[in-house]
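Structure data follow from data22.cif (mmCIF, C-alpha atoms and all ligand atoms):
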```cif
data_model
loop_
_atom_site.label_atom_id
_atom_site.label_comp_id
_atom_site.auth_asym_id
_atom_site.auth_seq_id
_atom_site.Cartn_x
_atom_site.Cartn_y
_atom_site.Cartn_z
CA MET A 1 61.52 80.25 106.45
CA LYS A 2 63.72 78.09 104.29
CA TYR A 3 66.98 79.29 105.84
CA HIS A 4 67.86 78.97 109.51
CA PHE A 5 68.99 82.35 110.68
CA ASP A 6 68.07 81.42 114.26
CA ARG A 7 70.74 78.73 114.38
CA ILE A 8 73.65 79.54 116.70
CA ILE A 9 76.99 78.67 115.13
CA ASP A 10 80.00 78.68 117.43
CA ARG A 11 82.65 80.81 115.73
CA ARG A 12 85.14 80.72 118.57
CA ASN A 13 88.61 79.41 117.66
CA THR A 14 87.92 79.73 113.93
CA HIS A 15 90.30 82.66 113.29
CA SER A 16 87.27 84.91 113.48
CA TYR A 17 88.21 88.55 113.81
CA LYS A 18 84.93 89.31 115.52
CA TRP A 19 84.93 86.42 117.99
CA ASP A 20 88.57 85.56 118.58
CA GLN A 21 89.99 89.05 118.46
CA SER A 22 87.38 90.19 120.95
CA VAL A 23 88.83 87.89 123.57
CA LYS A 24 92.25 89.47 123.04
CA LEU A 25 90.98 93.04 122.85
CA PHE A 26 88.60 92.99 125.76
CA GLY A 27 90.45 90.47 127.87
CA ARG A 28 87.54 88.14 128.57
CA GLU A 29 85.88 85.08 127.07
CA ASP A 30 82.32 85.87 128.10
CA ILE A 31 81.79 88.92 125.92
CA THR A 32 79.18 88.97 123.13
CA PRO A 33 80.79 90.66 120.13
CA LEU A 34 78.38 92.64 117.98
CA TRP A 35 80.88 95.06 116.48
CA VAL A 36 82.85 93.87 113.39
CA ALA A 37 80.49 94.05 110.42
CA ASP A 38 80.24 90.44 109.38
CA MET A 39 77.29 88.16 110.09
CA ASP A 40 76.95 85.18 112.39
CA PHE A 41 74.96 83.40 109.67
CA GLU A 42 76.10 80.89 107.10
CA SER A 43 76.37 82.18 103.55
CA PRO A 44 73.79 80.92 101.03
CA PRO A 45 74.01 77.11 100.61
CA ALA A 46 74.99 77.51 96.94
CA VAL A 47 78.07 79.49 98.02
CA LYS A 48 79.11 76.89 100.57
CA GLU A 49 78.67 74.12 98.02
CA ALA A 50 80.72 76.01 95.45
CA LEU A 51 83.52 76.54 97.96
CA VAL A 52 83.54 72.90 99.07
CA ARG A 53 83.68 71.79 95.43
CA ARG A 54 86.53 74.20 94.81
CA ALA A 55 88.45 73.04 97.91
CA GLU A 56 88.08 69.44 96.79
CA GLN A 57 90.04 70.19 93.64
CA GLY A 58 93.19 69.91 95.71
CA ILE A 59 95.28 71.99 93.34
CA TYR A 60 95.13 75.62 94.38
CA GLY A 61 96.68 77.23 91.34
CA TYR A 62 96.56 80.70 89.85
CA SER A 63 93.02 81.51 88.85
CA ILE A 64 91.14 83.74 86.50
CA LYS A 65 87.73 85.30 86.49
CA SER A 66 85.93 84.15 83.43
CA ASP A 67 83.14 85.82 81.46
CA SER A 68 80.53 83.96 83.49
CA TYR A 69 81.77 85.74 86.65
CA VAL A 70 81.32 89.17 85.08
CA GLU A 71 77.96 88.13 83.64
CA ALA A 72 76.79 87.11 87.11
CA ILE A 73 77.66 90.59 88.43
CA ILE A 74 75.94 92.32 85.53
CA ARG A 75 72.78 90.25 85.80
CA TRP A 76 72.60 90.87 89.56
CA PHE A 77 72.79 94.66 89.25
CA GLU A 78 70.29 94.64 86.41
CA ARG A 79 67.88 92.43 88.35
CA ARG A 80 68.23 93.91 91.84
CA HIS A 81 68.98 97.55 91.09
CA GLY A 82 67.81 98.17 87.52
CA TRP A 83 71.34 99.36 86.76
CA THR A 84 72.88 98.24 83.49
CA LEU A 85 76.64 97.74 83.69
CA ARG A 86 79.03 96.98 80.86
CA PRO A 87 81.87 94.46 81.30
CA GLU A 88 84.49 97.07 80.37
CA TRP A 89 83.43 99.29 83.29
CA ILE A 90 84.34 96.63 85.88
CA THR A 91 87.71 96.00 87.52
CA ASP A 92 88.32 93.68 90.46
CA SER A 93 89.99 94.75 93.66
CA PRO A 94 90.75 92.72 96.79
CA GLY A 95 88.62 94.99 98.97
CA ILE A 96 86.62 98.17 99.09
CA VAL A 97 89.03 99.90 101.45
CA THR A 98 91.86 99.06 99.05
CA SER A 99 89.86 100.73 96.27
CA LEU A 100 89.08 103.76 98.42
CA SER A 101 92.74 104.19 99.25
CA LEU A 102 93.82 103.83 95.62
CA ALA A 103 91.15 106.30 94.59
CA VAL A 104 92.41 108.93 97.05
CA GLU A 105 95.92 108.43 95.72
CA LEU A 106 94.84 108.57 92.07
CA TYR A 107 92.18 111.27 91.95
CA SER A 108 93.42 113.88 94.44
CA GLU A 109 96.62 115.86 94.85
CA PRO A 110 98.99 115.32 97.77
CA GLY A 111 98.04 117.64 100.63
CA SER A 112 94.63 118.44 99.15
CA GLN A 113 91.24 118.28 100.83
CA VAL A 114 89.11 115.18 100.47
CA ILE A 115 85.50 115.39 101.61
CA LEU A 116 83.74 112.84 103.81
CA GLN A 117 80.42 113.06 105.61
CA SER A 118 80.89 112.29 109.28
CA PRO A 119 80.24 110.27 111.31
CA VAL A 120 81.37 107.64 108.87
CA TYR A 121 83.03 104.22 108.58
CA TYR A 122 86.43 104.96 110.15
CA PRO A 123 88.73 103.75 107.33
CA PHE A 124 87.46 106.74 105.32
CA TYR A 125 89.63 108.92 107.58
CA ASP A 126 92.59 106.54 107.34
CA VAL A 127 92.68 106.36 103.55
CA ILE A 128 92.66 110.15 103.33
CA ARG A 129 95.24 110.82 106.04
CA MET A 130 97.54 107.90 105.30
CA ASN A 131 97.78 109.05 101.69
CA GLY A 132 98.92 112.48 102.87
CA ARG A 133 95.65 114.28 102.15
CA GLN A 134 93.49 116.31 104.50
CA VAL A 135 90.08 115.33 105.79
CA ALA A 136 87.48 117.91 104.78
CA LYS A 137 84.59 117.09 107.09
CA ASN A 138 81.04 117.68 106.03
CA PRO A 139 79.23 116.59 109.21
CA LEU A 140 75.78 115.16 108.68
CA ILE A 141 72.89 117.02 110.22
CA LEU A 142 70.74 115.17 112.73
CA ARG A 143 67.13 116.13 112.04
CA ASP A 144 64.14 114.32 113.55
CA GLY A 145 66.34 111.37 114.44
CA ARG A 146 67.74 110.97 110.91
CA TYR A 147 70.90 112.07 109.19
CA GLU A 148 70.71 114.55 106.34
CA MET A 149 73.43 116.06 104.21
CA ASP A 150 74.55 119.63 104.88
CA TYR A 151 74.60 121.01 101.33
CA ALA A 152 75.53 124.57 102.30
CA HIS A 153 78.67 123.42 104.08
CA LEU A 154 79.40 120.95 101.31
CA GLU A 155 79.35 123.77 98.81
CA GLU A 156 81.73 125.80 101.00
CA LEU A 157 84.20 122.92 101.00
CA MET A 158 83.96 122.58 97.25
CA ARG A 159 84.32 126.30 96.73
CA GLY A 160 87.38 126.07 98.97
CA GLY A 161 89.00 123.70 96.48
CA ALA A 162 88.12 120.13 97.52
CA LYS A 163 87.99 118.01 94.34
CA LEU A 164 87.28 114.54 95.70
CA LEU A 165 84.38 113.25 97.77
CA LEU A 166 84.06 109.87 99.47
CA LEU A 167 80.38 109.01 99.59
CA CYS A 168 79.09 106.25 101.85
CA SER A 169 75.83 105.03 100.31
CA PRO A 170 74.00 103.46 102.11
CA HIS A 171 75.55 105.24 105.05
CA ASN A 172 77.48 103.46 107.80
CA PRO A 173 76.72 104.12 110.63
CA GLY A 174 73.16 105.39 110.75
CA GLY A 175 71.83 103.16 107.99
CA ARG A 176 70.56 105.98 105.79
CA ILE A 177 69.69 105.04 102.24
CA TRP A 178 70.04 108.35 100.44
CA ASP A 179 67.05 109.00 98.25
CA ARG A 180 67.14 110.07 94.62
CA GLU A 181 66.59 113.78 95.36
CA GLU A 182 69.33 113.87 98.01
CA LEU A 183 71.80 112.22 95.65
CA LEU A 184 70.84 114.44 92.73
CA ARG A 185 71.39 117.54 94.84
CA LEU A 186 74.78 116.23 95.89
CA GLY A 187 75.55 115.37 92.27
CA GLU A 188 74.64 118.86 91.07
CA LEU A 189 77.21 120.37 93.42
CA CYS A 190 79.86 117.88 92.33
CA LEU A 191 79.24 118.70 88.67
CA ARG A 192 79.29 122.43 89.32
CA TYR A 193 82.62 122.33 91.18
CA GLY A 194 84.36 119.58 89.21
CA VAL A 195 84.40 117.11 92.10
CA THR A 196 85.05 113.39 91.51
CA VAL A 197 82.88 111.02 93.57
CA ILE A 198 84.05 107.75 95.03
CA SER A 199 80.84 106.02 95.99
CA ASP A 200 81.22 103.18 98.49
CA GLU A 201 78.07 101.13 97.95
CA ILE A 202 79.10 97.96 99.76
CA HIS A 203 75.79 97.96 101.68
CA CYS A 204 73.69 98.47 98.51
CA ASP A 205 71.92 95.10 98.67
CA LEU A 206 70.90 95.47 102.29
CA ALA A 207 67.84 97.68 101.95
CA LEU A 208 65.20 97.08 104.59
CA PRO A 209 61.54 96.64 103.53
CA GLY A 210 60.09 99.85 102.11
CA HIS A 211 63.46 101.26 101.01
CA THR A 212 65.29 101.19 97.70
CA HIS A 213 68.95 101.88 97.13
CA VAL A 214 69.76 104.16 94.22
CA PRO A 215 73.24 103.68 92.74
CA PHE A 216 74.75 107.16 92.47
CA ALA A 217 76.19 106.50 89.02
CA SER A 218 72.81 105.28 87.75
CA LEU A 219 71.28 108.74 88.17
CA SER A 220 72.60 110.11 84.87
CA GLU A 221 75.38 109.68 82.36
CA GLU A 222 76.86 112.97 83.50
CA LEU A 223 77.11 111.73 87.09
CA ALA A 224 78.40 108.32 86.03
CA ASN A 225 81.15 110.17 84.22
CA ILE A 226 82.55 111.69 87.47
CA THR A 227 82.06 108.58 89.60
CA LEU A 228 83.95 105.48 90.62
CA THR A 229 81.64 103.09 92.45
CA CYS A 230 83.03 100.52 94.91
CA LEU A 231 80.95 97.35 95.12
CA ALA A 232 81.25 93.88 96.61
CA PRO A 233 79.24 90.75 97.30
CA THR A 234 80.96 90.42 100.67
CA LYS A 235 78.54 92.27 102.97
CA THR A 236 75.51 90.97 101.10
CA PHE A 237 76.40 87.28 101.36
CA ASN A 238 78.72 87.30 104.36
CA LEU A 239 81.92 86.63 102.43
CA PRO A 240 84.37 89.29 103.65
CA GLY A 241 86.96 86.66 104.55
CA ILE A 242 87.42 85.69 100.91
CA GLN A 243 88.31 89.29 100.06
CA SER A 244 86.59 90.16 96.87
CA SER A 245 85.26 93.40 95.45
CA PHE A 246 85.18 95.41 92.26
CA ILE A 247 84.85 98.94 91.02
CA VAL A 248 82.60 100.28 88.30
CA ALA A 249 83.69 103.29 86.28
CA SER A 250 82.16 104.21 82.93
CA ASN A 251 84.61 107.08 82.41
CA PRO A 252 87.53 105.50 80.50
CA GLU A 253 90.06 107.94 81.97
CA ILE A 254 89.05 107.19 85.57
CA LYS A 255 88.98 103.47 84.77
CA ARG A 256 92.36 103.45 83.01
CA LYS A 257 94.11 105.10 85.96
CA PHE A 258 92.60 102.61 88.38
CA ASP A 259 93.48 99.61 86.22
CA MET A 260 97.07 100.75 85.86
CA ARG A 261 97.53 101.09 89.60
CA ILE A 262 95.94 97.71 90.29
CA LYS A 263 98.35 96.17 87.79
CA THR A 264 101.34 98.07 89.19
CA LEU A 265 100.62 96.67 92.64
CA SER A 266 99.95 93.23 91.19
CA LEU A 267 96.49 93.12 92.69
CA HIS A 268 94.85 91.91 89.50
CA MET A 269 95.13 88.16 90.10
CA THR A 270 92.19 86.57 91.81
CA ASN A 271 91.94 84.46 94.92
CA PHE A 272 91.38 80.82 93.99
CA PHE A 273 88.03 80.64 95.79
CA VAL A 274 86.55 83.94 94.67
CA PRO A 275 85.14 83.35 91.18
CA ASP A 276 83.02 80.31 92.03
CA ALA A 277 81.81 81.71 95.35
CA VAL A 278 80.83 85.06 93.90
CA GLN A 279 79.16 83.53 90.88
CA ALA A 280 77.12 81.20 93.08
CA ALA A 281 76.13 84.10 95.33
CA TYR A 282 74.98 86.40 92.56
CA ASN A 283 73.33 83.67 90.49
CA GLU A 284 71.61 81.77 93.27
CA GLY A 285 71.46 84.07 96.29
CA ASP A 286 68.27 86.09 95.69
CA GLU A 287 65.91 84.09 97.83
CA TRP A 288 68.45 83.78 100.66
CA LEU A 289 69.02 87.55 100.65
CA ASP A 290 65.30 88.31 100.72
CA GLU A 291 64.84 86.05 103.72
CA LEU A 292 67.93 87.49 105.37
CA MET A 293 66.58 91.04 105.13
CA HIS A 294 63.26 89.87 106.50
CA TYR A 295 65.10 88.36 109.47
CA ILE A 296 67.28 91.44 109.97
CA ASN A 297 64.14 93.56 109.90
CA GLY A 298 62.80 91.42 112.74
CA ASN A 299 66.01 92.10 114.67
CA VAL A 300 65.66 95.83 114.03
CA GLU A 301 62.10 95.79 115.34
CA TYR A 302 63.03 93.71 118.35
CA ALA A 303 65.96 95.96 119.32
CA ILE A 304 64.06 99.20 118.78
CA GLY A 305 61.09 97.91 120.75
CA TYR A 306 63.13 96.53 123.64
CA LEU A 307 65.30 99.63 123.99
CA ALA A 308 62.28 101.94 123.85
CA GLU A 309 60.65 100.01 126.66
CA HIS A 310 63.66 99.34 128.89
CA LEU A 311 66.08 102.17 128.19
CA PRO A 312 64.10 105.10 126.78
CA GLN A 313 66.98 107.48 127.49
CA VAL A 314 68.77 105.93 124.51
CA GLU A 315 67.57 107.21 121.16
CA VAL A 316 67.74 104.70 118.37
CA MET A 317 68.12 105.73 114.74
CA ARG A 318 65.80 103.61 112.63
CA PRO A 319 67.89 102.35 109.70
CA ASP A 320 66.68 102.35 106.08
CA GLY A 321 69.20 99.64 105.31
CA THR A 322 72.35 97.79 106.49
CA TYR A 323 72.33 95.49 109.51
CA LEU A 324 73.67 98.20 111.79
CA LEU A 325 71.81 100.00 114.54
CA TRP A 326 73.00 103.40 115.72
CA LEU A 327 72.25 104.38 119.30
CA ASP A 328 72.48 107.86 120.74
CA CYS A 329 73.49 107.13 124.34
CA ARG A 330 74.47 110.67 125.27
CA LYS A 331 71.73 110.94 127.87
CA LEU A 332 73.49 108.25 129.89
CA GLY A 333 76.06 110.95 130.65
CA LEU A 334 79.09 108.74 130.02
CA ASP A 335 82.30 109.70 128.27
CA VAL A 336 84.08 107.32 125.88
CA LYS A 337 85.86 105.56 128.73
CA GLY A 338 82.63 105.24 130.68
CA LEU A 339 80.74 103.79 127.73
CA LYS A 340 83.48 101.24 127.14
CA LYS A 341 83.41 100.23 130.79
CA LEU A 342 79.63 99.88 130.62
CA MET A 343 79.85 97.67 127.53
CA PHE A 344 82.91 95.55 128.12
CA GLU A 345 82.94 95.18 131.91
CA GLU A 346 79.40 95.65 133.10
CA ALA A 347 77.19 94.44 130.23
CA ARG A 348 79.80 92.08 128.68
CA VAL A 349 78.89 93.15 125.17
CA ALA A 350 81.13 94.62 122.51
CA PHE A 351 79.25 97.07 120.32
CA SER A 352 81.24 99.59 118.26
CA GLU A 353 82.05 102.73 120.20
CA GLY A 354 80.80 105.82 118.35
CA SER A 355 83.75 108.24 118.44
CA VAL A 356 85.77 106.03 116.05
CA PHE A 357 83.31 107.17 113.35
CA GLY A 358 83.95 110.85 114.12
CA THR A 359 84.27 113.16 117.09
CA GLU A 360 80.60 114.19 116.72
CA ALA A 361 79.60 110.60 117.49
CA GLU A 362 81.02 110.53 120.98
CA GLY A 363 78.34 109.01 123.20
CA TYR A 364 76.98 106.81 120.41
CA LEU A 365 77.18 103.05 120.00
CA ARG A 366 76.65 100.84 116.94
CA ILE A 367 75.16 97.37 117.23
CA ASN A 368 75.68 94.75 114.53
CA LEU A 369 72.26 93.08 114.25
CA ALA A 370 73.33 90.30 111.87
CA CYS A 371 73.16 87.49 114.39
CA PRO A 372 70.59 84.98 115.63
CA ARG A 373 67.81 86.75 117.51
CA SER A 374 68.55 84.93 120.76
CA LEU A 375 72.11 86.23 120.79
CA LEU A 376 70.92 89.76 120.13
CA GLN A 377 68.30 89.46 122.87
CA GLU A 378 70.88 88.31 125.36
CA ALA A 379 73.22 91.18 124.49
CA VAL A 380 70.57 93.90 124.43
CA GLU A 381 69.01 92.71 127.67
CA ARG A 382 72.38 92.68 129.42
CA PHE A 383 73.17 96.12 128.05
CA CYS A 384 69.86 97.61 129.20
CA LYS A 385 70.20 96.09 132.63
CA ALA A 386 73.71 97.46 133.10
CA ALA A 387 72.86 100.85 131.61
CA ALA A 388 69.82 101.29 133.84
CA ALA A 389 72.14 102.25 136.69
CA TYR A 390 73.24 105.33 134.71
CA ALA A 391 69.85 106.11 133.25
CA VAL A 392 68.27 106.90 136.61
CA LYS A 393 70.89 109.50 137.55
C1 LIG B 401 81.03 101.37 104.26
C2 LIG B 401 82.00 100.23 104.25
N1 LIG B 401 82.97 100.17 103.33
C3 LIG B 401 83.85 99.15 103.27
C4 LIG B 401 83.82 98.13 104.20
C5 LIG B 401 84.85 97.04 104.15
O1 LIG B 401 85.07 96.60 102.86
P1 LIG B 401 86.28 95.64 102.51
O2 LIG B 401 86.33 94.58 103.56
O3 LIG B 401 85.97 95.12 101.15
O4 LIG B 401 87.52 96.49 102.51
C6 LIG B 401 82.82 98.16 105.20
C7 LIG B 401 82.78 97.09 106.22
O5 LIG B 401 82.21 97.24 107.27
C8 LIG B 401 81.91 99.22 105.22
O6 LIG B 401 80.93 99.30 106.15
#
```

Take the structure from the file and write it as C-alpha cells.
Ligand SMILES: Cc1ncc(COP(=O)(O)O)c(C=O)c1O
Amino acid sequence: MKYHFDRIIDRRNTHSYKWDQSVKLFGREDITPLWVADMDFESPPAVKEALVRRAEQGIYGYSIKSDSYVEAIIRWFERRHGWTLRPEWITDSPGIVTSLSLAVELYSEPGSQVILQSPVYYPFYDVIRMNGRQVAKNPLILRDGRYEMDYAHLEELMRGGAKLLLLCSPHNPGGRIWDREELLRLGELCLRYGVTVISDEIHCDLALPGHTHVPFASLSEELANITLTCLAPTKTFNLPGIQSSFIVASNPEIKRKFDMRIKTLSLHMTNFFVPDAVQAAYNEGDEWLDELMHYINGNVEYAIGYLAEHLPQVEVMRPDGTYLLWLDCRKLGLDVKGLKKLMFEEARVAFSEGSVFGTEAEGYLRINLACPRSLLQEAVERFCKAAAAYAVK
C-alpha cells in the first residue's frame, strides 16, 4: 500500500465535530467516536499540498472557480462513472444538505408531500419539515438482510399527489447501491406521475469491490430531464470541512430556478480553498481512492467477521458501498435509551443510534468504518464485550 490508512492521527482539540463534540455530547474523554460521517484518514497528498500552497499565499481574497475546476469535475465523472456532464449543467453549492433544502423549497408546494425512503440520512426529514412540507414515507423493505424499495407503496404516494422525491443513492444507512433495474423501475413511476427527483449521490464514489454506482440521471435523457443530482468530492476525499458541493441538472428550467435561488442567497461565491483542493482531488485522487476502498473493504470484512463470531445476535447488513455499517441490534432487547447506555457508558463507543434515521430503525446502530483498523478493532471489541451481557438474556 502506498498510502498509510493504518496511521492513527490524533484529532482531539482540532475543532473536530466528531472528536471534540463527542466529549461534550457524551460527557467523557475516553469515548471512541465512530458516528459523524467523516474519515480519520488524511486526504490524498495532492489535496494537502494544494491547500498548503494556497494557505501560503497569505492573501485570502474573493475567489472564483475557473474552467479547469469544472473540467476536473467533468473528467472525473466521465472516467469513474461513464457519465458525460456538460459545464452548463453544473452549479456550485456550499453543501449537499443546502441543495436538498433549496430543492424542497423550489420544486414542491408549501404543505405538500415530499417522498423519502426511510430509514434515511436524518437531514432528509429536516429539509422537508423545516420548509413547511410533509414527509411522505416510503419505508424500505428488509428482505434477506438487504433493503429494497417498496414500489407499490411508492405508487400510492405518487397517486396521492406527491410530486417530489428525495432519493439517497447510494443509500445511507444500509449502504445499498441501487442497481440499474431498481432505478429504472423507480424512474418509470416518477415519469408516469410527474414526480421530480432530487438524487443525493454524495456517496457515489464509494462503491465497494464488485459494485458499481449508476447515476440516476445517466439512465436516460427522459430521467435526466426530471432530475437534480447533488454531488460532492467531500465524502470521497474526506473534505467536508471545506464545504464544497455542486448540483447537476440538464433541464434548463430546473437549473435556472436553482441558480436564481443560489444567487438570491449569495451562495455563489466560492471558499478560497475550494477550487484548488477539489481540482487536486479529482485530477490526482484516483489511486488514493482505489486504495481507500480496498482498506475500507478490509474494515467491512473485519467487522462482519468479528461480530458474527462474538455477537451473533446482531445482524449486520453487508454494504454495497459507503463506509457505513448498519447493525440490527433488536435481538439485544434494548430500547433507544438502553442502546445509548450500552454504547456511551458501558462500551465507551459512539456509533450512530438508529432511530434518528427513522422510527423503523429503532434498535439499529450505524458504525463509521472510515478509521484505522486498530481503532475499529478496539471499538468493536469493547462493544461486543459490553453487549454480551444482554445477548445471553
Ligand atoms: C446522504 C448524505 N447526504 C449529505 C451528506 C452531507 O453533505 P453536506 O455536508 O455536503 O451537506 C451526508 C453526510 O453524511 C450524507 O450521508

Would you pick out the contacts of Thr322 of chain A at 12 Å or less, using all atoms listed in the file, so that residues sharing its chain but fewer than 2 positions from it are not included, and give the list as an NGL selection string? :A and (37-39 or 168-177 or 201-209 or 211-213 or 235-236 or 292-293 or 296-297 or 299-300 or 318-320 or 324-326 or 366-370)

Could you jot down the atom CA of Val127 of chain A to atom CA of Met269 of chain A separation for me, Å, one decimal place? 22.8 Å

Could you work out an axis-aligned box for ligand LIG 401 (chain B), taking every atom the file lists and adding 3 Å on each side, and report centre and edge lengths in Å to one decimal, as JSON?
```
{"center_x": 84.2, "center_y": 98.0, "center_z": 104.2, "size_x": 12.6, "size_y": 12.8, "size_z": 12.1}
```

Segment 224-232 of chain A environment, 7 Å, only C-alpha atoms, sequence neighbours closer than 5 positions dropped, as a PyMOL selection string: chain A and resi 96+99+196-202+217-218+244-251

I'd like to know which of A:Ser101, A:Gln279, A:Thr359, A:Ser352 is closest to Glu49 of chain A, using all atoms listed in the file. A:Gln279

Find the residues around segment 258-260 of chain A up to 8 Å (only C-alpha atoms counted), leave out those fewer than 2 positions away in its own chain, and share them as a list in words.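 Everything that qualifies: Thr91, Leu102, Ala103, Leu106, Ile254, Lys255, Arg256, Ile262, Lys263 and Thr264 of chain A.
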
Restrict the selected residues to C-alpha atoms and save them as a PDB file, in the frame of the given file.
```
ATOM      1  CA  THR A  91      87.710  96.000  87.520  1.00  0.00           C
ATOM      2  CA  LEU A 102      93.820 103.830  95.620  1.00  0.00           C
ATOM      3  CA  ALA A 103      91.150 106.300  94.590  1.00  0.00           C
ATOM      4  CA  LEU A 106      94.840 108.570  92.070  1.00  0.00           C
ATOM      5  CA  ILE A 254      89.050 107.190  85.570  1.00  0.00           C
ATOM      6  CA  LYS A 255      88.980 103.470  84.770  1.00  0.00           C
ATOM      7  CA  ARG A 256      92.360 103.450  83.010  1.00  0.00           C
ATOM      8  CA  ILE A 262      95.940  97.710  90.290  1.00  0.00           C
ATOM      9  CA  LYS A 263      98.350  96.170  87.790  1.00  0.00           C
ATOM     10  CA  THR A 264     101.340  98.070  89.190  1.00  0.00           C
TER      11      THR A 264
END
```

Rank nothing, just name the residue among A:Ile141, A:Leu239, A:Ala277, A:Leu311 nearest to ligand LIG 401 (chain B), using only C-alpha atoms and all ligand atoms. A:Leu239

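Across the model, the gap from atom CA of Lys137 of chain A to atom CA of His153 of chain A is 9.2 Å.
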
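Distance annotation: of A:Asp276, A:Glu156, A:Glu362, A:Glu301, the residue with the minimal separation from Val70 of chain A is A:Asp276; atom set is only C-alpha atoms.
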
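Of note, atom CA of Leu376 of chain A and atom CA of Gly95 of chain A are spaced 28.1 Å apart.
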
With all atoms listed in the file as the basis for distance, which of A:Pro123, A:Pro139, A:Gly82, A:Pro372 is at the shortest distance from ligand LIG 401 (chain B)? A:Pro123

Show me that you can extract segment 366-383 of chain A, keeping N, CA and C atoms, and write it as a short mmCIF file (atom, residue, chain, number, x, y, z; two decimals), in the first residue's frame.
```cif
data_model
loop_
_atom_site.label_atom_id
_atom_site.label_comp_id
_atom_site.auth_asym_id
_atom_site.auth_seq_id
_atom_site.Cartn_x
_atom_site.Cartn_y
_atom_site.Cartn_z
N ARG A 366 -25.36 2.44 13.62
CA ARG A 366 -24.54 2.60 12.41
C ARG A 366 -23.10 2.89 12.82
N ILE A 367 -22.20 2.09 12.29
CA ILE A 367 -20.77 2.31 12.60
C ILE A 367 -20.10 2.96 11.40
N ASN A 368 -19.33 4.01 11.65
CA ASN A 368 -18.49 4.61 10.62
C ASN A 368 -17.17 3.84 10.59
N LEU A 369 -16.92 3.16 9.47
CA LEU A 369 -15.74 2.29 9.37
C LEU A 369 -14.51 3.00 8.82
N ALA A 370 -14.63 4.30 8.54
CA ALA A 370 -13.51 5.00 7.90
C ALA A 370 -12.50 5.47 8.94
N CYS A 371 -11.83 4.50 9.53
CA CYS A 371 -10.81 4.81 10.54
C CYS A 371 -9.76 3.71 10.49
N PRO A 372 -8.59 3.96 11.07
CA PRO A 372 -7.57 2.91 11.11
C PRO A 372 -8.12 1.63 11.73
N ARG A 373 -7.70 0.50 11.18
CA ARG A 373 -8.26 -0.79 11.63
C ARG A 373 -8.13 -0.97 13.13
N SER A 374 -7.01 -0.54 13.71
CA SER A 374 -6.80 -0.78 15.14
C SER A 374 -7.85 -0.05 15.99
N LEU A 375 -8.24 1.12 15.54
CA LEU A 375 -9.26 1.89 16.26
C LEU A 375 -10.60 1.17 16.17
N LEU A 376 -10.90 0.69 14.98
CA LEU A 376 -12.16 -0.03 14.77
C LEU A 376 -12.18 -1.30 15.63
N GLN A 377 -11.04 -2.00 15.63
CA GLN A 377 -10.97 -3.24 16.41
C GLN A 377 -11.25 -2.97 17.88
N GLU A 378 -10.61 -1.93 18.38
CA GLU A 378 -10.78 -1.58 19.79
C GLU A 378 -12.26 -1.31 20.08
N ALA A 379 -12.89 -0.53 19.22
CA ALA A 379 -14.29 -0.14 19.44
C ALA A 379 -15.22 -1.34 19.33
N VAL A 380 -15.02 -2.15 18.30
CA VAL A 380 -15.92 -3.28 18.09
C VAL A 380 -15.74 -4.32 19.20
N GLU A 381 -14.50 -4.52 19.61
CA GLU A 381 -14.26 -5.48 20.69
C GLU A 381 -14.92 -5.02 21.98
N ARG A 382 -14.77 -3.74 22.28
CA ARG A 382 -15.39 -3.20 23.51
C ARG A 382 -16.91 -3.32 23.43
N PHE A 383 -17.44 -3.04 22.25
CA PHE A 383 -18.89 -3.10 22.08
C PHE A 383 -19.39 -4.54 22.29
#
```
